[in-house]
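Peer 1: Provided below: input19.txt, containing compact mmCIF, C-alpha atoms.
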# COMPACT_ATOMS: atom_id res chain seq x y z
CA MET A 1227 17.92 -6.23 16.59
CA ALA A 1228 14.45 -5.99 18.10
CA LEU A 1229 13.01 -3.47 20.49
CA SER A 1230 12.60 -4.35 24.13
CA VAL A 1231 9.16 -5.67 24.93
CA SER A 1232 8.37 -2.61 27.00
CA SER A 1233 8.54 -0.49 23.87
CA ALA A 1234 5.80 -2.40 22.07
CA LYS A 1235 3.52 -3.66 24.80
CA LEU A 1236 1.18 -1.54 26.84
CA SER A 1237 0.08 -1.53 30.43
CA THR A 1238 -3.37 -3.02 30.91
CA GLY A 1239 -4.18 -0.94 33.96
CA VAL A 1240 -7.60 0.67 34.09
CA GLU A 1241 -6.22 4.14 34.66
CA ASP A 1242 -3.90 3.80 31.68
CA ASP A 1243 -6.86 2.87 29.51
CA LYS A 1244 -8.91 5.86 30.62
CA LYS A 1245 -6.15 8.33 29.86
CA GLN A 1246 -4.54 7.77 26.48
CA LYS A 1247 -0.75 7.95 26.69
CA ALA A 1248 1.59 8.59 23.80
CA PHE A 1249 3.28 5.49 22.41
CA VAL A 1250 6.90 6.32 21.66
CA PHE A 1251 9.42 4.16 19.86
CA PRO A 1252 12.77 4.34 21.70
CA LYS A 1253 14.64 4.90 18.43
CA PHE A 1254 14.09 5.37 14.69
CA VAL A 1255 12.74 1.99 13.58
CA ILE A 1256 13.16 0.03 10.35
CA MET A 1257 10.46 -2.48 9.40
CA GLY A 1258 10.86 -5.07 6.68
CA HIS A 1259 7.92 -4.92 4.25
CA ARG A 1260 6.39 -8.40 4.06
CA GLY A 1261 9.65 -9.60 5.56
CA PHE A 1262 12.68 -9.03 3.35
CA GLY A 1263 10.61 -6.99 0.86
CA MET A 1264 7.57 -7.38 -1.34
CA ASN A 1265 7.71 -9.27 -4.64
CA MET A 1266 7.20 -7.20 -7.80
CA LEU A 1267 7.11 -9.93 -10.42
CA GLN A 1268 6.80 -7.41 -13.26
CA SER A 1269 9.94 -5.52 -12.20
CA PRO A 1270 13.28 -5.94 -13.98
CA ASP A 1271 14.95 -5.49 -10.57
CA GLU A 1272 15.92 -8.95 -9.38
CA LYS A 1273 16.09 -7.72 -5.79
CA LEU A 1274 12.29 -7.53 -5.81
CA LYS A 1275 12.09 -11.19 -6.81
CA SER A 1276 14.74 -12.65 -4.55
CA ILE A 1277 12.78 -14.23 -1.67
CA LYS A 1278 9.09 -15.13 -1.43
CA GLU A 1279 7.30 -12.31 0.41
CA ASN A 1280 5.31 -13.00 3.58
CA SER A 1281 7.13 -16.27 4.19
CA ILE A 1282 9.02 -17.70 7.14
CA LEU A 1283 12.20 -17.58 5.06
CA SER A 1284 11.65 -13.92 4.25
CA PHE A 1285 10.99 -12.99 7.89
CA ASN A 1286 14.08 -14.75 9.17
CA VAL A 1287 16.37 -13.37 6.46
CA ALA A 1288 15.12 -9.87 7.30
CA ALA A 1289 15.75 -10.51 11.00
CA ASP A 1290 19.45 -11.01 10.26
CA PHE A 1291 19.71 -7.27 9.55
CA PRO A 1292 19.50 -4.39 12.07
CA ILE A 1293 15.72 -3.95 11.89
CA GLU A 1294 13.15 -3.89 14.66
CA PHE A 1295 10.01 -5.33 13.01
CA VAL A 1296 8.80 -7.30 10.04
CA GLU A 1297 5.46 -6.19 8.61
CA PHE A 1298 3.03 -8.73 7.19
CA ASP A 1299 -0.62 -9.15 6.19
CA VAL A 1300 -3.04 -11.44 8.01
CA GLN A 1301 -6.36 -12.79 6.73
CA VAL A 1302 -8.55 -15.56 8.18
CA THR A 1303 -9.63 -18.64 6.23
CA LYS A 1304 -13.25 -19.78 6.23
CA ASP A 1305 -12.42 -22.37 8.91
CA GLY A 1306 -11.05 -19.69 11.23
CA CYS A 1307 -7.27 -19.94 10.76
CA PRO A 1308 -5.23 -16.72 10.50
CA VAL A 1309 -2.88 -16.96 7.51
CA ILE A 1310 -0.25 -14.60 6.12
CA PHE A 1311 -0.95 -13.41 2.60
CA HIS A 1312 -1.24 -9.95 1.04
CA ASP A 1313 -3.59 -10.32 -1.95
CA ASN A 1314 -7.31 -10.92 -1.65
CA PHE A 1315 -7.12 -13.70 -4.23
CA ILE A 1316 -4.78 -16.56 -5.01
CA PHE A 1317 -4.35 -17.17 -8.75
CA THR A 1318 -3.48 -20.58 -10.08
CA GLN A 1319 -3.75 -22.53 -13.30
CA GLU A 1320 -6.07 -25.43 -13.98
CA GLN A 1321 -6.03 -27.16 -17.38
CA GLY A 1322 -4.27 -24.17 -18.90
CA VAL A 1323 -6.79 -21.64 -17.56
CA ILE A 1324 -5.93 -19.03 -14.91
CA ILE A 1325 -8.48 -19.07 -12.09
CA GLU A 1326 -8.79 -17.00 -8.92
CA LYS A 1327 -9.85 -18.06 -5.44
CA ARG A 1328 -10.54 -15.71 -2.55
CA VAL A 1329 -8.29 -16.44 0.42
CA THR A 1330 -11.04 -15.98 3.01
CA GLU A 1331 -13.32 -18.44 1.18
CA MET A 1332 -10.78 -21.27 1.35
CA ALA A 1333 -10.21 -23.72 4.17
CA LEU A 1334 -6.70 -23.86 5.57
CA HIS A 1335 -5.79 -27.14 3.86
CA GLU A 1336 -6.64 -25.67 0.46
CA PHE A 1337 -4.78 -22.41 1.13
CA ILE A 1338 -1.51 -24.13 2.04
CA SER A 1339 -1.78 -26.45 -0.98
CA TYR A 1340 -0.73 -23.61 -3.30
CA GLY A 1341 2.88 -22.93 -4.15
CA PRO A 1342 5.88 -24.95 -2.95
CA GLN A 1343 5.23 -27.65 -0.38
CA LYS A 1344 7.40 -28.84 2.47
CA ASP A 1345 8.24 -32.00 0.52
CA GLY A 1346 9.49 -29.93 -2.42
CA ALA A 1347 6.48 -30.50 -4.66
CA ASN A 1348 4.62 -27.65 -6.38
CA VAL A 1349 1.41 -29.17 -7.71
CA ASN A 1350 -0.57 -25.91 -7.66
CA PRO A 1351 1.75 -23.16 -8.97
CA MET A 1352 0.83 -19.61 -8.01
CA PHE A 1353 0.32 -16.58 -10.23
CA ARG A 1354 -0.15 -12.93 -9.35
CA LYS A 1355 -2.34 -10.23 -10.89
CA THR A 1356 -0.99 -6.68 -10.95
CA LYS A 1357 -3.12 -3.56 -10.52
CA ASP A 1358 -3.12 -3.01 -14.27
CA GLY A 1359 -4.51 -6.51 -14.87
CA ARG A 1360 -1.39 -8.33 -16.04
CA ILE A 1361 -0.77 -11.83 -14.69
CA PHE A 1362 2.68 -13.22 -13.88
CA GLN A 1363 3.76 -16.61 -12.61
CA TRP A 1364 4.98 -16.18 -9.05
CA LYS A 1365 8.63 -17.05 -9.59
CA VAL A 1366 11.31 -15.95 -7.15
CA ALA A 1367 14.93 -16.95 -6.64
CA GLU A 1368 14.20 -18.47 -3.20
CA ASP A 1369 10.68 -19.80 -2.80
CA ASP A 1370 9.03 -20.88 0.45
CA PRO A 1371 5.65 -22.39 1.43
CA LEU A 1372 2.67 -20.29 2.45
CA CYS A 1373 2.36 -19.95 6.20
CA THR A 1374 -0.04 -19.29 9.06
CA LEU A 1375 0.24 -16.67 11.78
CA LYS A 1376 1.01 -19.44 14.25
CA ASP A 1377 3.89 -20.59 12.02
CA ALA A 1378 5.38 -17.10 12.20
CA PHE A 1379 5.24 -17.00 15.99
CA VAL A 1380 6.79 -20.44 16.29
CA LYS A 1381 9.42 -20.30 13.52
CA VAL A 1382 10.57 -16.65 13.33
CA LYS A 1383 13.32 -15.48 15.66
CA ARG A 1384 11.66 -14.55 18.92
CA SER A 1385 13.48 -11.23 19.23
CA GLN A 1386 11.93 -9.97 15.98
CA GLY A 1387 8.96 -7.63 16.35
CA PHE A 1388 5.77 -8.14 14.32
CA ASN A 1389 3.75 -5.37 12.66
CA ILE A 1390 0.56 -7.32 11.98
CA GLU A 1391 -1.54 -5.68 9.27
CA LEU A 1392 -5.17 -6.73 9.57
CA LYS A 1393 -6.13 -7.23 5.94
CA PHE A 1394 -9.64 -6.74 4.58
CA ASP A 1395 -11.00 -6.28 1.05
CA ASP A 1396 -11.70 -2.61 0.20
CA ASN A 1397 -14.62 -3.68 -2.00
CA ILE A 1398 -16.58 -5.54 0.68
CA MET A 1399 -18.89 -4.02 3.29
CA TYR A 1400 -18.28 -5.92 6.54
CA GLY A 1401 -20.66 -6.11 9.47
CA GLU A 1402 -19.25 -5.51 12.94
CA GLU A 1403 -19.94 -9.07 14.09
CA GLU A 1404 -18.02 -10.46 11.10
CA LEU A 1405 -15.10 -8.16 11.85
CA ARG A 1406 -15.20 -9.10 15.53
CA GLN A 1407 -15.12 -12.83 14.82
CA THR A 1408 -12.18 -12.43 12.43
CA LEU A 1409 -10.21 -10.35 14.91
CA GLU A 1410 -10.94 -12.73 17.78
CA ASN A 1411 -9.50 -15.60 15.71
CA ILE A 1412 -6.34 -13.56 15.21
CA LEU A 1413 -6.11 -12.50 18.84
CA LYS A 1414 -6.45 -16.11 19.99
CA VAL A 1415 -3.24 -17.00 18.14
CA VAL A 1416 -1.48 -13.87 19.41
CA ASP A 1417 -2.50 -14.58 23.01
CA GLU A 1418 -1.31 -18.19 22.80
CA HIS A 1419 2.04 -17.57 21.11
CA ALA A 1420 3.22 -13.96 21.43
CA GLU A 1421 5.06 -14.34 24.74
CA ASP A 1422 7.42 -11.33 24.96
CA ARG A 1423 7.61 -10.57 21.25
CA PRO A 1424 7.08 -6.86 20.38
CA ILE A 1425 3.84 -6.50 18.41
CA ILE A 1426 1.85 -3.69 16.87
CA PHE A 1427 -1.42 -3.97 14.95
CA SER A 1428 -2.28 -1.86 11.90
CA SER A 1429 -5.13 -1.62 9.42
CA PHE A 1430 -6.41 0.53 6.55
CA HIS A 1431 -9.96 -0.22 7.71
CA PRO A 1432 -11.09 2.45 10.23
CA ASP A 1433 -13.61 0.17 11.96
CA VAL A 1434 -11.08 -2.66 12.24
CA ALA A 1435 -8.53 -0.34 13.85
CA ARG A 1436 -11.13 0.85 16.35
CA LEU A 1437 -12.35 -2.65 17.11
CA ILE A 1438 -8.92 -4.24 17.63
CA ARG A 1439 -8.15 -1.44 20.06
CA ASN A 1440 -11.33 -2.24 22.00
CA LEU A 1441 -10.74 -5.99 21.98
CA GLN A 1442 -7.27 -5.86 23.52
CA LEU A 1443 -5.24 -3.46 25.66
CA SER A 1444 -1.81 -5.08 25.38
CA TYR A 1445 -0.49 -3.89 22.01
CA PRO A 1446 -0.40 -0.54 20.15
CA VAL A 1447 -2.78 -0.01 17.24
CA PHE A 1448 -1.87 2.10 14.20
CA PHE A 1449 -4.17 3.39 11.48
CA LEU A 1450 -2.89 2.89 7.93
CA THR A 1451 -3.53 5.60 5.35
CA ASN A 1452 -2.18 6.71 2.00
CA GLY A 1453 -2.96 10.26 3.08
CA GLY A 1454 -4.92 11.22 -0.01
CA CYS A 1455 -2.63 9.63 -2.61
CA GLU A 1456 -5.70 7.60 -3.57
CA ILE A 1457 -9.33 8.60 -2.98
CA TYR A 1458 -11.87 6.21 -1.43
CA ALA A 1459 -15.63 6.29 -0.96
CA ASP A 1460 -14.99 6.19 2.81
CA VAL A 1461 -13.84 9.76 3.50
CA ARG A 1462 -12.11 8.64 6.68
CA ARG A 1463 -9.39 7.16 4.51
CA ASN A 1464 -8.69 10.20 2.35
CA SER A 1465 -6.33 12.42 4.35
CA LEU A 1466 -3.90 12.59 7.22
CA ASP A 1467 -6.29 14.98 8.98
CA GLU A 1468 -8.93 12.24 8.94
CA ALA A 1469 -6.34 9.72 10.15
CA ILE A 1470 -5.52 11.93 13.13
CA LYS A 1471 -9.22 12.25 13.92
CA ILE A 1472 -9.71 8.47 13.79
CA CYS A 1473 -6.77 7.91 16.11
CA LYS A 1474 -7.90 10.49 18.66
CA GLU A 1475 -11.49 9.29 18.68
CA GLY A 1476 -10.54 5.61 18.88
CA GLY A 1477 -7.65 5.86 21.32
CA LEU A 1478 -5.19 4.56 18.73
CA HIS A 1479 -1.46 4.99 19.13
CA GLY A 1480 -0.18 6.09 15.76
CA ILE A 1481 -0.43 6.43 12.00
CA VAL A 1482 1.28 4.50 9.20
CA SER A 1483 1.22 6.79 6.17
CA GLU A 1484 2.32 6.64 2.55
CA ALA A 1485 5.64 8.53 2.50
CA LYS A 1486 4.47 10.79 -0.36
CA ALA A 1487 1.73 12.26 1.83
CA ILE A 1488 4.19 13.11 4.58
CA ILE A 1489 6.81 14.69 2.35
CA ARG A 1490 4.40 16.85 0.40
CA THR A 1491 2.80 18.19 3.63
CA PRO A 1492 5.68 18.23 6.14
CA ASN A 1493 3.81 20.37 8.68
CA VAL A 1494 1.54 17.40 9.36
CA VAL A 1495 4.37 15.72 11.29
CA THR A 1496 4.15 18.39 14.00
CA GLN A 1497 0.37 18.08 14.02
CA ILE A 1498 0.61 14.31 14.52
CA LYS A 1499 3.18 14.65 17.30
CA ASP A 1500 1.10 17.32 19.02
CA SER A 1501 -1.73 14.78 19.01
CA LYS A 1502 0.53 12.38 20.95
CA LEU A 1503 0.68 9.92 18.07
CA SER A 1504 3.60 8.02 16.56
CA LEU A 1505 4.24 8.16 12.82
CA ILE A 1506 5.57 5.42 10.54
CA SER A 1507 5.73 5.62 6.73
CA TYR A 1508 5.56 3.11 3.89
CA GLY A 1509 5.87 3.22 0.11
CA GLN A 1510 8.41 2.82 -2.65
CA LEU A 1511 10.04 6.15 -1.80
CA ASN A 1512 11.30 4.45 1.34
CA ASN A 1513 13.70 2.40 -0.77
CA VAL A 1514 15.74 5.56 -1.35
CA VAL A 1515 18.17 6.25 1.49
CA GLU A 1516 18.00 10.03 1.03
CA VAL A 1517 14.21 10.01 1.39
CA VAL A 1518 14.42 7.90 4.53
CA TYR A 1519 16.89 10.33 6.03
CA LEU A 1520 14.67 13.27 5.09
CA GLN A 1521 11.84 11.70 7.08
CA TYR A 1522 14.15 11.03 9.98
CA MET A 1523 15.03 14.72 10.05
CA MET A 1524 11.33 15.64 9.81
CA GLY A 1525 10.54 13.64 12.95
CA VAL A 1526 9.02 10.50 11.45
CA ASP A 1527 9.49 7.59 13.90
CA GLY A 1528 10.29 4.85 11.41
CA VAL A 1529 9.92 3.43 7.92
CA ILE A 1530 8.66 0.24 6.28
CA VAL A 1531 11.04 -0.74 3.49
CA ASP A 1532 11.57 -3.34 0.76
CA MET A 1533 15.33 -2.85 0.43
CA VAL A 1534 15.96 -4.16 3.93
CA MET A 1535 19.69 -4.73 3.59
CA GLU A 1536 20.51 -1.42 1.91
CA ILE A 1537 18.33 0.83 4.07
CA SER A 1538 19.02 -0.83 7.43
CA GLU A 1539 22.78 -0.84 6.96
CA ALA A 1540 22.80 2.77 5.76
CA ILE A 1541 20.67 4.05 8.63
CA ALA A 1542 22.67 2.06 11.18
CA SER A 1543 25.78 4.07 10.30
CA ILE A 1544 24.47 7.59 9.70
CA GLU A 1545 26.98 10.32 10.31
CA VAL A 1546 26.08 14.02 10.28
CA ARG A 1547 28.52 16.88 10.47
CA ASN A 1548 28.69 20.58 9.65
CA ASP A 1549 30.24 21.73 6.40
CA GLU A 1550 32.87 23.83 8.09
CA ASP A 1551 34.41 20.50 9.11
CA ASP A 1552 34.60 19.42 5.47
CA GLU A 1553 36.34 21.73 3.03
CA GLU A 1554 35.13 19.78 0.01
CA ASP A 1555 31.51 20.84 0.42
CA ASP A 1556 31.85 24.36 -0.88
CA GLY A 1557 29.97 26.18 1.87
CA ARG A 1558 26.82 24.07 1.97
CA LYS A 1559 25.14 23.92 5.32
CA CYS A 1560 25.21 20.25 6.21
CA LEU A 1561 26.70 16.96 5.10
CA ILE A 1562 25.07 13.59 5.75
CA LEU A 1563 27.02 10.40 5.24
CA PHE A 1564 25.48 6.94 4.94
CA GLY A 1565 27.09 3.53 4.97
CA GLU A 1566 30.59 2.20 5.37
CA GLU A 1567 33.48 4.61 4.93
CA SER A 1568 34.46 3.10 1.59
CA LYS A 1569 31.03 3.78 0.07
CA LYS A 1570 29.62 6.81 1.85
CA VAL A 1571 26.71 8.59 0.20
CA ARG A 1572 27.13 12.36 0.54
CA ILE A 1573 23.96 14.47 0.77
CA SER A 1574 23.82 18.19 1.41
CA SER A 1575 20.87 19.91 3.06
CA ASP A 1576 20.21 21.65 -0.26
CA ALA A 1577 19.99 18.30 -2.01
CA ILE A 1578 17.55 16.98 0.60
CA ALA A 1579 15.38 20.07 0.13
CA LEU A 1580 15.12 19.25 -3.56
CA LEU A 1581 13.64 15.84 -2.81
CA THR A 1582 10.34 17.38 -1.74
CA LYS A 1583 9.87 18.75 -5.27
CA PHE A 1584 9.70 15.24 -6.74
CA VAL A 1585 6.65 14.16 -4.75
CA PRO A 1586 3.50 14.40 -6.91
CA LYS A 1587 0.76 16.70 -5.70
CA THR A 1588 -2.07 14.88 -7.49
CA THR A 1589 -3.90 11.74 -6.46
CA LEU A 1590 -3.40 8.52 -8.36
CA PHE A 1591 -6.89 7.13 -8.85
CA VAL A 1592 -10.27 6.81 -7.19
CA GLN A 1593 -11.26 3.67 -5.27
CA GLN A 1594 -14.94 2.85 -5.44
Just dump the structure as structure tokens.
Peer 2:
Amino acid sequence: MALSVSSAKLSTGVEDDKKQKAFVFPKFVIMGHRGFGMNMLQSPDEKLKSIKENSILSFNVAADFPIEFVEFDVQVTKDGCPVIFHDNFIFTQEQGVIIEKRVTEMALHEFISYGPQKDGANVNPMFRKTKDGRIFQWKVAEDDPLCTLKDAFVKVKRSQGFNIELKFDDNIMYGEEELRQTLENILKVVDEHAEDRPIIFSSFHPDVARLIRNLQLSYPVFFLTNGGCEIYADVRRNSLDEAIKICKEGGLHGIVSEAKAIIRTPNVVTQIKDSKLSLISYGQLNNVVEVVYLQYMMGVDGVIVDMVMEISEAIASIEVRNDEDDEEDDGRKCLILFGEESKKVRISSDAIALLTKFVPKTTLFVQQ
């Protein structure tokens, strides 16, 4: 169930460009993280290893559920082809030794040679390195070949919106001309294949977000931030206040924030809305229905989730009613019900209030 094109495409009129208008989603939106959910190969939860992330299969499976967008990461190979892949490096094994290759330093033909092939072969098996340095073979229940951005436009259901994250390495200093060339390669594919598909762009890189806004006027641009959950050398990335400033100065349309940052500072939602910006959240907390509903009540416009089936089906059938209509709730102020009648999840307003106490106040680590 995708949004109408008018909800994710902007007017290109000169007057509209001069005067920034608020971009408003017509409803609370659910976005599938890397399609049907990211792969956590180290997790004992088989749901996080069910379908290859950032694949055509993953996007189309996600599109079968009541969601509006799939979110995915785009990088550009050294021969100028936009490809969909999250990590900066591909890990593989040669003669028993694990080696790494940077995605942006490979030509397209080499990139697509890793993992399963269309003919069923898997000559170059893929591995993945976790943040703590462990390496796992990339094994999932349903594998699928690596893909390009063009593949996604051609092969994914045309009603499904795309949240295209413009992916760059945090540890590299990019010049503006290099950024511009990369973004122009991506925009060329978008211009040739988007048609009426709803699209938004997003990036953690402040200069990339500003530049993609300047290079095109058709699609909304969101700035990605973890809101201070991690600290970076670039201070523009270290708080929601800085994110608001970037958006206002660059004429961006919204913020995609780590859910923890929103829940621990709920007043920021009003500040963001007063700035005429939309607000989407991401993070593992979004795989908990109660946390998603809490954000809905706070005024967040949508969530990026891994548990696409569970969250989308629960949110699609939310029911809210006062406690005086339900004698079982012992005088609590509100009752929220999720899901089908036979498996409703009951949450009182008091229980939702408790959720905010479980969000850590400290940062995780410092990025150099």
Peer 1: Using only C-alpha atoms, which of the listed residues (A:Leu1392, A:Leu1372, A:Ile1537, A:Arg1490) sits closest to Phe1449 in chain A?
Peer 2: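 The answer is A:Leu1392, which sits nearest to Phe1449 in chain A.
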Peer 1: Just want the 8 Å neighbourhood of range 1501-1513 of chain A, counted on all atoms listed in the file, with same-chain residues fewer than 3 positions away dropped. Output as a PyMOL selection string.
Peer 2: chain A and resi 1247-1251+1470+1473-1474+1478-1486+1488+1495+1497-1498+1517-1518+1526-1533+1537
Peer 1: Go ahead and save the picked residues with C-alpha atoms, as a PDB file, in the coordinates of the input.
Peer 2:
ATOM      1  CA  LYS A1247      -0.750   7.950  26.690  1.00  0.00           C
ATOM      2  CA  ALA A1248       1.590   8.590  23.800  1.00  0.00           C
ATOM      3  CA  PHE A1249       3.280   5.490  22.410  1.00  0.00           C
ATOM      4  CA  VAL A1250       6.900   6.320  21.660  1.00  0.00           C
ATOM      5  CA  PHE A1251       9.420   4.160  19.860  1.00  0.00           C
ATOM      6  CA  ILE A1470      -5.520  11.930  13.130  1.00  0.00           C
ATOM      7  CA  CYS A1473      -6.770   7.910  16.110  1.00  0.00           C
ATOM      8  CA  LYS A1474      -7.900  10.490  18.660  1.00  0.00           C
ATOM      9  CA  LEU A1478      -5.190   4.560  18.730  1.00  0.00           C
ATOM     10  CA  HIS A1479      -1.460   4.990  19.130  1.00  0.00           C
ATOM     11  CA  GLY A1480      -0.180   6.090  15.760  1.00  0.00           C
ATOM     12  CA  ILE A1481      -0.430   6.430  12.000  1.00  0.00           C
ATOM     13  CA  VAL A1482       1.280   4.500   9.200  1.00  0.00           C
ATOM     14  CA  SER A1483       1.220   6.790   6.170  1.00  0.00           C
ATOM     15  CA  GLU A1484       2.320   6.640   2.550  1.00  0.00           C
ATOM     16  CA  ALA A1485       5.640   8.530   2.500  1.00  0.00           C
ATOM     17  CA  LYS A1486       4.470  10.790  -0.360  1.00  0.00           C
ATOM     18  CA  ILE A1488       4.190  13.110   4.580  1.00  0.00           C
ATOM     19  CA  VAL A1495       4.370  15.720  11.290  1.00  0.00           C
ATOM     20  CA  GLN A1497       0.370  18.080  14.020  1.00  0.00           C
ATOM     21  CA  ILE A1498       0.610  14.310  14.520  1.00  0.00           C
ATOM     22  CA  VAL A1517      14.210  10.010   1.390  1.00  0.00           C
ATOM     23  CA  VAL A1518      14.420   7.900   4.530  1.00  0.00           C
ATOM     24  CA  VAL A1526       9.020  10.500  11.450  1.00  0.00           C
ATOM     25  CA  ASP A1527       9.490   7.590  13.900  1.00  0.00           C
ATOM     26  CA  GLY A1528      10.290   4.850  11.410  1.00  0.00           C
ATOM     27  CA  VAL A1529       9.920   3.430   7.920  1.00  0.00           C
ATOM     28  CA  ILE A1530       8.660   0.240   6.280  1.00  0.00           C
ATOM     29  CA  VAL A1531      11.040  -0.740   3.490  1.00  0.00           C
ATOM     30  CA  ASP A1532      11.570  -3.340   0.760  1.00  0.00           C
ATOM     31  CA  MET A1533      15.330  -2.850   0.430  1.00  0.00           C
ATOM     32  CA  ILE A1537      18.330   0.830   4.070  1.00  0.00           C
TER      33      ILE A1537
END
Peer 1: Residues at most 9 Å from range 1295-1309 of chain A, counting all atoms listed in the file, excluding those fewer than 5 positions away in the same chain, as a PyMOL selection string?
Peer 2: chain A and resi 1227-1229+1255-1262+1279-1280+1285+1288-1289+1314+1329-1334+1337+1372-1377+1386-1394+1407-1409+1411-1412+1415+1424-1425+1530
Peer 1: My list of candidates is A:Gly1477, A:Asn1493, A:Phe1311, A:Ser1543. Which is closest to Gln1521 in chain A when distances are computed with all atoms listed in the file?
Peer 2: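 Among the listed residues, the smallest separation from Gln1521 in chain A belongs to A:Asn1493.
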Peer 1: Would you please work out which residue, of A:Ile1282, A:Ala1542, A:Leu1413, A:Val1434, is nearest to Tyr1400 in chain A when using only C-alpha atoms?
Peer 2: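 Checking each of A:Ile1282, A:Ala1542, A:Leu1413, A:Val1434 against Tyr1400 in chain A, counting only C-alpha atoms, the winner is A:Val1434.
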Peer 1: If I take CA of Tyr1445 in chain A and CA of Ile1541 in chain A, how far is one from the other in Å, to one decimal?
Peer 2: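 We find that CA of Tyr1445 in chain A and CA of Ile1541 in chain A lie 26.3 Å from each other.
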Peer 1: For the atom pair CA of Glu1475 in chain A and CA of Arg1462 in chain A, what is the interatomic distance in Å to one decimal place?
Peer 2: 12.0 Å
Peer 1: Go ahead and fit an axis-aligned box to every listed atom of range 1307-1323 of chain A plus 6 Å each side, and pass me the centre and edge lengths in Å, one decimal, as lines of an AutoDock Vina configuration file.
Peer 2:
center_x = -3.8
center_y = -18.6
center_z = -4.1
size_x = 19.1
size_y = 29.2
size_z = 41.7
Peer 1: In Å, rounded to a single decimal, give me how far CA of Arg1360 in chain A is from CA of Asn1452 in chain A.
Peer 2: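 Interatomic distance, CA of Asn1452 in chain A to CA of Arg1360 in chain A: 23.5 Å.
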